[in-house]
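Undergrad: Provided below: query_34.pdb, containing PDB, C-alpha atoms and all ligand atoms.
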ATOM      1  CA  MET C 189       0.000   0.000   0.000  1.00  0.00           C
ATOM      2  CA  ALA C 190       3.055   2.183  -0.414  1.00  0.00           C
ATOM      3  CA  GLY C 191       1.456   4.766  -2.659  1.00  0.00           C
ATOM      4  CA  ARG C 192       0.099   2.333  -5.218  1.00  0.00           C
ATOM      5  CA  GLY C 193      -1.222   4.375  -8.121  1.00  0.00           C
ATOM      6  CA  ARG C 194      -0.803   7.594  -6.257  1.00  0.00           C
ATOM      7  CA  HIS C 195       1.223   9.222  -9.002  1.00  0.00           C
ATOM      8  CA  ASP C 196      -0.722   7.761 -11.892  1.00  0.00           C
ATOM      9  CA  PRO C 197      -2.807  10.602 -13.371  1.00  0.00           C
ATOM     10  CA  VAL C 198      -5.098   8.195 -15.260  1.00  0.00           C
ATOM     11  CA  THR C 199      -6.037   6.256 -12.140  1.00  0.00           C
ATOM     12  CA  LYS C 200      -6.560   9.444 -10.192  1.00  0.00           C
ATOM     13  CA  SER C 201      -8.882  11.031 -12.752  1.00  0.00           C
ATOM     14  CA  MET C 202     -10.834   7.797 -13.166  1.00  0.00           C
ATOM     15  CA  LEU C 203     -11.400   7.605  -9.432  1.00  0.00           C
ATOM     16  CA  CYS C 204     -12.470  11.220  -9.397  1.00  0.00           C
ATOM     17  CA  ALA C 205     -14.979  10.682 -12.208  1.00  0.00           C
ATOM     18  CA  LEU C 206     -16.314   7.563 -10.509  1.00  0.00           C
ATOM     19  CA  SER C 207     -16.862   9.264  -7.179  1.00  0.00           C
ATOM     20  CA  LEU C 208     -18.574  12.215  -8.864  1.00  0.00           C
ATOM     21  CA  ALA C 209     -20.880   9.841 -10.725  1.00  0.00           C
ATOM     22  CA  LEU C 210     -21.722   7.971  -7.537  1.00  0.00           C
ATOM     23  CA  ALA C 211     -22.346  11.174  -5.636  1.00  0.00           C
ATOM     24  CA  SER C 212     -24.695  12.626  -8.230  1.00  0.00           C
ATOM     25  CA  ALA C 213     -26.519   9.323  -8.673  1.00  0.00           C
ATOM     26  CA  GLY C 214     -27.021   9.136  -4.918  1.00  0.00           C
ATOM     27  CA  LEU C 215     -28.353  12.679  -4.716  1.00  0.00           C
ATOM     28  CA  VAL C 216     -30.738  12.228  -7.615  1.00  0.00           C
ATOM     29  CA  GLY C 217     -31.993   8.936  -6.202  1.00  0.00           C
ATOM     30  CA  CYS C 218     -32.553  10.353  -2.746  1.00  0.00           C
ATOM     31  CA  ARG C 219     -34.419  13.444  -3.874  1.00  0.00           C
ATOM     32  CA  GLY C 220     -36.444  11.490  -6.412  1.00  0.00           C
ATOM     33  CA  ASN C 221     -37.590   8.952  -3.865  1.00  0.00           C
ATOM     34  CA  SER C 222     -38.011  11.011  -0.767  1.00  0.00           C
ATOM     35  CA  SER C 223     -39.160  14.463  -1.848  1.00  0.00           C
ATOM     36  CA  PRO C 224     -42.370  14.237  -3.812  1.00  0.00           C
ATOM     37  CA  LYS C 225     -43.213  17.703  -5.065  1.00  0.00           C
ATOM     38  CA  ASP C 226     -46.782  18.859  -5.254  1.00  0.00           C
ATOM     39  CA  SER C 227     -47.068  22.252  -6.942  1.00  0.00           C
ATOM     40  CA  GLY C 228     -43.748  23.354  -5.523  1.00  0.00           C
ATOM     41  CA  ALA C 229     -44.152  22.075  -1.985  1.00  0.00           C
ATOM     42  CA  THR C 230     -42.903  18.863  -0.500  1.00  0.00           C
ATOM     43  CA  VAL C 231     -45.872  16.867   0.697  1.00  0.00           C
ATOM     44  CA  VAL C 232     -45.992  14.241   3.420  1.00  0.00           C
ATOM     45  CA  ARG C 233     -49.175  12.194   3.644  1.00  0.00           C
ATOM     46  CA  LEU C 234     -50.435  10.863   6.950  1.00  0.00           C
ATOM     47  CA  GLU C 235     -51.483   7.410   5.847  1.00  0.00           C
ATOM     48  CA  ASP C 236     -54.469   5.526   7.209  1.00  0.00           C
ATOM     49  CA  PRO C 237     -54.856   2.789   8.172  1.00  0.00           C
ATOM     50  CA  GLU C 238     -51.096   2.201   8.014  1.00  0.00           C
ATOM     51  CA  LEU C 239     -50.426   4.956  10.566  1.00  0.00           C
ATOM     52  CA  VAL C 240     -47.241   6.160   8.927  1.00  0.00           C
ATOM     53  CA  PHE C 241     -45.895   9.368   7.479  1.00  0.00           C
ATOM     54  CA  SER C 242     -45.227   8.941   3.785  1.00  0.00           C
ATOM     55  CA  PRO C 243     -42.472   9.523   3.033  1.00  0.00           C
ATOM     56  CA  GLY C 244     -41.142   9.082   6.546  1.00  0.00           C
ATOM     57  CA  HIS C 245     -37.746  10.461   5.660  1.00  0.00           C
ATOM     58  CA  LEU C 246     -37.347  13.707   3.749  1.00  0.00           C
ATOM     59  CA  SER C 247     -34.333  15.611   2.539  1.00  0.00           C
ATOM     60  CA  ILE C 248     -34.903  19.264   1.658  1.00  0.00           C
ATOM     61  CA  ARG C 249     -32.956  22.504   1.266  1.00  0.00           C
ATOM     62  CA  THR C 250     -32.939  25.419   3.670  1.00  0.00           C
ATOM     63  CA  GLY C 251     -35.955  27.637   3.125  1.00  0.00           C
ATOM     64  CA  GLU C 252     -38.148  24.926   1.632  1.00  0.00           C
ATOM     65  CA  LYS C 253     -41.663  24.282   2.835  1.00  0.00           C
ATOM     66  CA  VAL C 254     -43.077  20.933   3.848  1.00  0.00           C
ATOM     67  CA  THR C 255     -46.827  20.303   3.862  1.00  0.00           C
ATOM     68  CA  TRP C 256     -48.365  17.460   5.845  1.00  0.00           C
ATOM     69  CA  ARG C 257     -51.751  16.285   4.578  1.00  0.00           C
ATOM     70  CA  TRP C 258     -54.406  14.476   6.539  1.00  0.00           C
ATOM     71  CA  PRO C 259     -56.426  12.051   4.426  1.00  0.00           C
ATOM     72  CA  GLY C 260     -59.487  12.732   6.568  1.00  0.00           C
ATOM     73  CA  GLY C 261     -61.141  10.718   9.300  1.00  0.00           C
ATOM     74  CA  THR C 262     -58.391   9.681  11.672  1.00  0.00           C
ATOM     75  CA  ALA C 263     -56.937  12.033  14.254  1.00  0.00           C
ATOM     76  CA  HIS C 264     -53.200  12.673  13.962  1.00  0.00           C
ATOM     77  CA  ASN C 265     -50.735  15.362  14.843  1.00  0.00           C
ATOM     78  CA  VAL C 266     -47.321  16.432  13.618  1.00  0.00           C
ATOM     79  CA  THR C 267     -45.219  17.201  16.674  1.00  0.00           C
ATOM     80  CA  PHE C 268     -41.662  18.505  16.554  1.00  0.00           C
ATOM     81  CA  GLN C 269     -39.600  19.510  19.527  1.00  0.00           C
ATOM     82  CA  ASN C 270     -40.308  23.224  19.006  1.00  0.00           C
ATOM     83  CA  PHE C 271     -43.549  23.356  17.067  1.00  0.00           C
ATOM     84  CA  ALA C 272     -46.585  21.236  16.365  1.00  0.00           C
ATOM     85  CA  SER C 273     -49.706  21.084  14.265  1.00  0.00           C
ATOM     86  CA  GLY C 274     -52.041  20.151  17.087  1.00  0.00           C
ATOM     87  CA  THR C 275     -54.321  17.150  16.650  1.00  0.00           C
ATOM     88  CA  MET C 276     -56.469  17.331  13.521  1.00  0.00           C
ATOM     89  CA  THR C 277     -58.660  14.918  11.561  1.00  0.00           C
ATOM     90  CA  GLN C 278     -58.383  16.643   8.191  1.00  0.00           C
ATOM     91  CA  GLY C 279     -56.644  19.457   6.381  1.00  0.00           C
ATOM     92  CA  SER C 280     -52.959  20.254   6.217  1.00  0.00           C
ATOM     93  CA  PHE C 281     -50.078  21.777   8.136  1.00  0.00           C
ATOM     94  CA  ASP C 282     -47.131  23.678   6.666  1.00  0.00           C
ATOM     95  CA  HIS C 283     -43.710  24.486   7.981  1.00  0.00           C
ATOM     96  CA  VAL C 284     -40.788  26.284   6.361  1.00  0.00           C
ATOM     97  CA  PHE C 285     -37.408  24.998   7.510  1.00  0.00           C
ATOM     98  CA  ASP C 286     -34.949  27.894   7.773  1.00  0.00           C
ATOM     99  CA  GLN C 287     -32.190  26.121   9.668  1.00  0.00           C
ATOM    100  CA  VAL C 288     -29.923  23.304   8.628  1.00  0.00           C
ATOM    101  CA  GLY C 289     -30.411  20.230  10.771  1.00  0.00           C
ATOM    102  CA  THR C 290     -32.084  16.895  11.325  1.00  0.00           C
ATOM    103  CA  TYR C 291     -35.594  17.232  12.706  1.00  0.00           C
ATOM    104  CA  ARG C 292     -37.399  14.236  14.105  1.00  0.00           C
ATOM    105  CA  TYR C 293     -41.126  14.372  14.663  1.00  0.00           C
ATOM    106  CA  GLU C 294     -43.983  12.138  15.616  1.00  0.00           C
ATOM    107  CA  CYS C 295     -47.700  11.789  15.843  1.00  0.00           C
ATOM    108  CA  THR C 296     -47.974  11.656  19.616  1.00  0.00           C
ATOM    109  CA  LEU C 297     -51.270   9.751  19.397  1.00  0.00           C
ATOM    110  CA  HIS C 298     -49.633   6.937  17.460  1.00  0.00           C
ATOM    111  CA  THR C 299     -46.377   6.728  19.324  1.00  0.00           C
ATOM    112  CA  ALA C 300     -48.072   6.661  22.737  1.00  0.00           C
ATOM    113  CA  ASP C 301     -49.959   3.563  21.598  1.00  0.00           C
ATOM    114  CA  GLY C 302     -46.826   1.870  20.286  1.00  0.00           C
ATOM    115  CA  LYS C 303     -47.585   2.299  16.570  1.00  0.00           C
ATOM    116  CA  GLY C 304     -44.325   4.164  16.012  1.00  0.00           C
ATOM    117  CA  MET C 305     -45.688   6.907  13.780  1.00  0.00           C
ATOM    118  CA  VAL C 306     -42.509   8.919  13.401  1.00  0.00           C
ATOM    119  CA  GLY C 307     -40.744  10.889  10.705  1.00  0.00           C
ATOM    120  CA  GLU C 308     -37.622  12.852   9.981  1.00  0.00           C
ATOM    121  CA  VAL C 309     -36.787  15.938   7.937  1.00  0.00           C
ATOM    122  CA  VAL C 310     -33.160  16.553   7.020  1.00  0.00           C
ATOM    123  CA  VAL C 311     -32.461  20.150   5.983  1.00  0.00           C
ATOM    124  CA  THR C 312     -29.304  20.799   3.988  1.00  0.00           C
ATOM    125  CA  PRO C 313     -27.827  24.203   3.040  1.00  0.00           C
TER     126      PRO C 313
HETATM  127 CU    CU R 401     -51.307   9.514  14.118  1.00  0.00          CU
END
Once more with this new file: its structure as structure tokens, please.
Ligand SMILES: [Cu+2]
TA:
Amino acid sequence: MAGRGRHDPVTKSMLCALSLALASAGLVGCRGNSSPKDSGATVVRLEDPELVFSPGHLSIRTGEKVTWRWPGGTAHNVTFQNFASGTMTQGSFDHVFDQVGTYRYECTLHTADGKGMVGEVVVTP
């Protein structure tokens, strides 16, 4: 492992191209799968009867808005450490994330009963 290929410009550029390709493929895949856009906003559905947030994991940029939508009928809430929707049976709740970070949230009704209705929003710069 004494510098194998370290001074070989072909190997170095190939590795660079490969890592760039992997990085962009990963980013595209993540955003495509986890950030469904609905007229400009990222939407999370509160699914019944599954009792899950869909998608449960989101990755967004600073300043983007997330909208949670209740399908209607079942009471849920969206509760973060510093803000919450309150319990509702229909309608929607919006929040704009201005700060980079990882924000976990839950529906307190369906974590108290062991259903594990939790979600996460990751905000990147
Ligand atoms: Cu719930």
Undergrad: Enter the distance from atom CA of Arg257 of chain C to atom CA of Thr277 of chain C, in Å, rounded to one decimal.
TA: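 Result for atom CA of Arg257 of chain C versus atom CA of Thr277 of chain C: 9.9 Å, one decimal.
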Undergrad: Given only C-alpha atoms as the basis, pick out the residue of C:His283, C:Thr267, C:Val231, C:Leu239 nearest to Asp301 of chain C.
TA: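 Of C:His283, C:Thr267, C:Val231, C:Leu239, the one nearest Asp301 of chain C is C:Leu239, counting only C-alpha atoms.
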Undergrad: Per residue of chain C within 7 Å of ligand CU 401 (chain R), note the shortest atom pair and the distance in Å to one decimal, counting all atoms listed in the file, and order the rows by chain and increasing residue number, as CSV.
TA:
residue,atom,partner,partner_atom,distance
C:Leu239,CA,R:CU401,CU,5.8
C:Ala263,CA,R:CU401,CU,6.2
C:His264,CA,R:CU401,CU,3.7
C:Asn265,CA,R:CU401,CU,5.9
C:Cys295,CA,R:CU401,CU,4.6
C:Thr296,CA,R:CU401,CU,6.8
C:Leu297,CA,R:CU401,CU,5.3
C:His298,CA,R:CU401,CU,4.5
C:Met305,CA,R:CU401,CU,6.2
Undergrad: Write out, as JSON lines, each residue of segment 276-311 of chain C that has an atom at most 8 Å from segment 245-255 of chain C, together with the closest pair of atoms and their distance in Å to one decimal, counting all atoms listed in the file, rows going by chain and rising number.
TA:
{"residue": "C:Ser280", "atom": "CA", "partner": "C:Thr255", "partner_atom": "CA", "distance": 6.6}
{"residue": "C:Phe281", "atom": "CA", "partner": "C:Thr255", "partner_atom": "CA", "distance": 5.6}
{"residue": "C:Asp282", "atom": "CA", "partner": "C:Thr255", "partner_atom": "CA", "distance": 4.4}
{"residue": "C:His283", "atom": "CA", "partner": "C:Val254", "partner_atom": "CA", "distance": 5.5}
{"residue": "C:Val284", "atom": "CA", "partner": "C:Lys253", "partner_atom": "CA", "distance": 4.1}
{"residue": "C:Phe285", "atom": "CA", "partner": "C:Gly251", "partner_atom": "CA", "distance": 5.3}
{"residue": "C:Asp286", "atom": "CA", "partner": "C:Gly251", "partner_atom": "CA", "distance": 4.8}
{"residue": "C:Gln287", "atom": "CA", "partner": "C:Thr250", "partner_atom": "CA", "distance": 6.1}
{"residue": "C:Val288", "atom": "CA", "partner": "C:Thr250", "partner_atom": "CA", "distance": 6.2}
{"residue": "C:Gly307", "atom": "CA", "partner": "C:His245", "partner_atom": "CA", "distance": 5.9}
{"residue": "C:Glu308", "atom": "CA", "partner": "C:His245", "partner_atom": "CA", "distance": 4.9}
{"residue": "C:Val309", "atom": "CA", "partner": "C:Leu246", "partner_atom": "CA", "distance": 4.8}
{"residue": "C:Val310", "atom": "CA", "partner": "C:Ser247", "partner_atom": "CA", "distance": 4.7}
{"residue": "C:Val311", "atom": "CA", "partner": "C:Ile248", "partner_atom": "CA", "distance": 5.0}
Undergrad: Atom CA of Ser242 of chain C and atom CA of Val266 of chain C are how many Å apart?
TA: 12.5 Å
Undergrad: Just to confirm, what's the straight-line distance from atom CA of Thr312 of chain C to atom CA of Ser273 of chain C in Å (one decimal)?
TA: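 So the two atoms, atom CA of Thr312 of chain C and atom CA of Ser273 of chain C, lie 22.8 Å apart.
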